[in-house]
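> Provided herewith is a single structure, encoded as structure tokens, for subsequent inquiry.
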Amino acid sequence: MAQHWQEMLPIDRYTVAASGLMHEYDRKVLTFLYQPLIGATCFSLYMTLWAELEENRLWSRTNSHHSLMNFMDMNLEKIYRARIKLEGMGLLKVYEKKDEESRAFIYELNPPLTPEQFFLDGMLNIYLYRKVGKNQYSRLKRFFSEKNVQSKEEYKEVTKSFHDVYMSGHQESIAIDSDTEQMMQPEDEQLFIGRNDQGSIQIHSALFNFDLLLAGLNESLVPKKALTNKVKNAISNLAFLYGIDPIQMKNIVISALTEDNEINIEELRKSARDWYQFQNYDQLPSLVDRTQPAVHQTQKKEPATKEEELLRYLETTSPRQLLKDISGGAEPSKSDLQIIEDVMFQQKLLPGVVNVLIQYVMLKSDMKLTKAYVEKIASHWARKKITTSNEAMVLAKNEHKQYMEWAEGKKAPKTAKATGKRKPIRTEMLPDWFDDKEKPQPASKKKDEEELKLKKRELEETLKKLRSGEGTE
């Protein structure tokens, strides 16, 4: 994954735009509903960009990222990380223009959802509830809602319609020529100031296997016409939110089917939530960063060695991008992504830890991600409460022999056990961070044991240093 200095530089220019007029009420929505999810840094960046727009204007003057760094008293890396979080939350769109000598950006601010949209979203409201808790969530609902003091049920509407009040005069007609028609349109390169409704976050439907879902649904039980675009969008979001695969989703969809052979989306959401809470002891999912959170990053300074550079890469890269980089830029397969998603959400491993796991497993398994092998190591790391890439590296080194036995146990042919013959020890591919000086193991058992003892002493020394705080900066 490209580092932040490859994505933008302090001298790069940017212009702030707004997709529509921003209202004062948006500040409260951003402060109380979005800030708990995106954090204070992202909130500060959004507000700073918003402040560059003059009142009732949709475009700002150009500025440099160096100025933005001074305004926010923040380095460019933090600004970049905050920017991509705003993009993911649907609050910011980024447009880039490159030429030979410079690069320019347009940062288009999107208004937040309305309180009604947010609390009925089905995804963001769940994440907010998990983040702030029941009492604070109830307080926020009260803050953004109004009691309906007087019902209209006993009243009859007597509002006059347009045609009841006005009529169109035809006595003096005005010829509408091309010039008049042109006057009714906005000037060239201009548009009317207004505001469009902000759409909810939508997980791309391609990430969910609808073909497999349809194959499991009996046409007599759930007709295909019941899976409208709105229902499919809800299924995609729920699958992402709760980590539900198509086989599990089948029963959830059936439970939400009405007597009219339609799927009730509210029932669908409730069934999905009940399924997840049953599987996870009444817990709700939390919003997990795609990259390692700053608080769990150990490589704070600029890398001075190749090992530090690799550590920085693992801590600032998403698992998806890591898979893409390993395959030379090709998009990772859906099955590989599903394995990683399961590890991140089920085992609660952080992205930096998952990156070390990916690198280790792929190099030990002939560049393949084996689900059972990944989950076995992941569960071990989860029990050991591994939270940083550095800790994951140390544990992988320390438990290498055990992990090798797990891998060999799955691959060992039946004839090997029957004949009692041992295969020659082969040279293993290992990550760069494992041991730069490691050489192929000799066939001699005696020499092999000496090598293992030496490595064990080296690992013990490394662990002692790590535990005493040495070499962590």
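In the structure tokens, chains take letters A, B, ... by order of appearance, with residues numbered from 1 within each chain and ligands from 1 in the order shown.
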Please identify all polymer residues within 12 Å of Ser44 (chain A), counting only C-alpha atoms, omitting same-chain residues fewer than 3 positions from it, and present them as a PyMOL selection string.
chain A and resi 27+30-31+34-35+38-41+47-51+68-69+71-74+78-79+82-83+86
> Keeping only C-alpha atoms, take the residues you just selected and write them out as a PDB file, in the first residue's frame.

```pdb
ATOM      1  CA  ARG A  27     -22.800  20.430  13.503  1.00  0.00           C
ATOM      2  CA  LEU A  30     -21.675  15.417  13.489  1.00  0.00           C
ATOM      3  CA  THR A  31     -20.702  16.149  17.098  1.00  0.00           C
ATOM      4  CA  TYR A  34     -20.653  10.774  14.081  1.00  0.00           C
ATOM      5  CA  GLN A  35     -17.820  11.844  16.378  1.00  0.00           C
ATOM      6  CA  ILE A  38     -14.899   8.540  13.613  1.00  0.00           C
ATOM      7  CA  GLY A  39     -12.988  10.091  16.519  1.00  0.00           C
ATOM      8  CA  ALA A  40     -11.967  13.641  17.398  1.00  0.00           C
ATOM      9  CA  THR A  41      -9.248  13.899  14.733  1.00  0.00           C
ATOM     10  CA  MET A  47     -14.858  21.069  10.748  1.00  0.00           C
ATOM     11  CA  THR A  48     -11.633  22.699   9.550  1.00  0.00           C
ATOM     12  CA  LEU A  49     -12.486  22.030   5.909  1.00  0.00           C
ATOM     13  CA  TRP A  50     -16.032  23.267   6.494  1.00  0.00           C
ATOM     14  CA  ALA A  51     -14.680  26.486   8.025  1.00  0.00           C
ATOM     15  CA  LEU A  68      -3.730  22.653   6.753  1.00  0.00           C
ATOM     16  CA  MET A  69      -1.008  20.993   8.839  1.00  0.00           C
ATOM     17  CA  PHE A  71      -4.049  25.004  11.162  1.00  0.00           C
ATOM     18  CA  MET A  72      -4.608  21.614  12.794  1.00  0.00           C
ATOM     19  CA  ASP A  73      -1.151  21.353  14.430  1.00  0.00           C
ATOM     20  CA  MET A  74      -0.972  17.858  12.985  1.00  0.00           C
ATOM     21  CA  LYS A  78      -2.602  11.836  10.680  1.00  0.00           C
ATOM     22  CA  ILE A  79      -4.449  14.144   8.306  1.00  0.00           C
ATOM     23  CA  ALA A  82      -8.424  11.044   9.093  1.00  0.00           C
ATOM     24  CA  ARG A  83      -9.265  11.878   5.490  1.00  0.00           C
ATOM     25  CA  LEU A  86     -14.192  10.504   6.422  1.00  0.00           C
TER      26      LEU A  86
END
```
> Got a sec: who's within 7 Å of Leu58 (chain A), counting only C-alpha atoms, leaving out chain neighbours fewer than 2 positions off, as a PyMOL selection string?
chain A and resi 17-18+20-21+53+56
> Mind dumping the selected residues with N, CA and C atoms as a PDB file, in the first residue's frame?

```
ATOM      1  N   ALA A  17     -15.030  21.889  -1.443  1.00  0.00           N
ATOM      2  CA  ALA A  17     -16.341  22.082  -2.059  1.00  0.00           C
ATOM      3  C   ALA A  17     -17.391  21.444  -1.158  1.00  0.00           C
ATOM      4  N   ALA A  18     -18.629  21.801  -1.374  1.00  0.00           N
ATOM      5  CA  ALA A  18     -19.737  21.200  -0.627  1.00  0.00           C
ATOM      6  C   ALA A  18     -20.757  20.687  -1.628  1.00  0.00           C
ATOM      7  N   GLY A  20     -23.759  20.450  -1.114  1.00  0.00           N
ATOM      8  CA  GLY A  20     -24.993  21.199  -0.869  1.00  0.00           C
ATOM      9  C   GLY A  20     -24.782  22.118   0.310  1.00  0.00           C
ATOM     10  N   LEU A  21     -25.699  23.016   0.537  1.00  0.00           N
ATOM     11  CA  LEU A  21     -25.578  23.946   1.657  1.00  0.00           C
ATOM     12  C   LEU A  21     -25.499  23.188   2.972  1.00  0.00           C
ATOM     13  N   LEU A  53     -15.092  27.174   3.866  1.00  0.00           N
ATOM     14  CA  LEU A  53     -16.181  27.616   2.986  1.00  0.00           C
ATOM     15  C   LEU A  53     -16.785  28.899   3.536  1.00  0.00           C
ATOM     16  N   ASN A  56     -22.831  30.410   2.940  1.00  0.00           N
ATOM     17  CA  ASN A  56     -23.718  30.243   1.789  1.00  0.00           C
ATOM     18  C   ASN A  56     -22.958  30.083   0.469  1.00  0.00           C
TER      19      ASN A  56
END
```
> Could you tell me which of A:Trp381, A:Phe278, A:Tyr313, A:Tyr14 comes closest to Ala104 (chain A) if we count only C-alpha atoms?
A:Tyr14
> Go through A:Met362, A:Leu284, A:Ile244, A:Ile235 and flag the residue nearest Glu267 (chain A), using only C-alpha atoms for the distances.
A:Ile235
> Excluding same-chain residues fewer than 2 positions from Asn390 (chain A), what lies within 8 Å of it counting only C-alpha atoms, as a list of chain:residue names?
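Neighbouring residues, sequence-local ones excluded: A:Thr298, A:Leu311, A:Thr388, A:Ala392, A:Met393, A:Val394.
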> With C-alpha atoms retained, export the selected residues as a PDB file, in the first residue's frame.

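Generated file (selection_4.pdb):
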```pdb
ATOM      1  CA  THR A 298       4.736   0.826  17.768  1.00  0.00           C
ATOM      2  CA  LEU A 311       6.840  -2.774  10.615  1.00  0.00           C
ATOM      3  CA  THR A 388       0.522  -5.047  17.850  1.00  0.00           C
ATOM      4  CA  ALA A 392       2.651 -10.921  16.524  1.00  0.00           C
ATOM      5  CA  MET A 393       6.110 -11.208  14.969  1.00  0.00           C
ATOM      6  CA  VAL A 394       7.698 -12.231  18.266  1.00  0.00           C
TER       7      VAL A 394
END
```
> Quick one: residues within 12 Å of Pro36 (chain A), only C-alpha atoms, excluding same-chain residues fewer than 3 positions away - as a list in words?
Val29, Leu30, Thr31, Phe32, Leu33, Gly39, Ala40, Thr41, Cys42, Phe43, Leu124, Asn125, Tyr127, Leu128, Tyr129, Arg130, Lys131, Val132, Gly133, Gln136, Tyr137, Leu140, Ser286 and Leu287 of chain A
> Excluding Leu369 (chain A) and any residue of its chain fewer than 6 positions from it, enumerate the residues within 8 Å of it, using only C-alpha atoms, and give them as an MDAnalysis selection string.
chainID A and resid 336 358 361:362
> Which residue, A:Trp406, A:Leu9, A:Glu375, A:Glu77, has the smallest gap to Arg312 (chain A) when you use only C-alpha atoms?
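Checking each of A:Trp406, A:Leu9, A:Glu375, A:Glu77 against Arg312 (chain A), counting only C-alpha atoms, the winner is A:Glu77.
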> Based on DSSP run over this structure's backbone, return all residues of region 10-101 of chain A in helix (DSSP H, G or I), as a ChimeraX atom specification.
/A:24-38,40-51,65-72,76-88
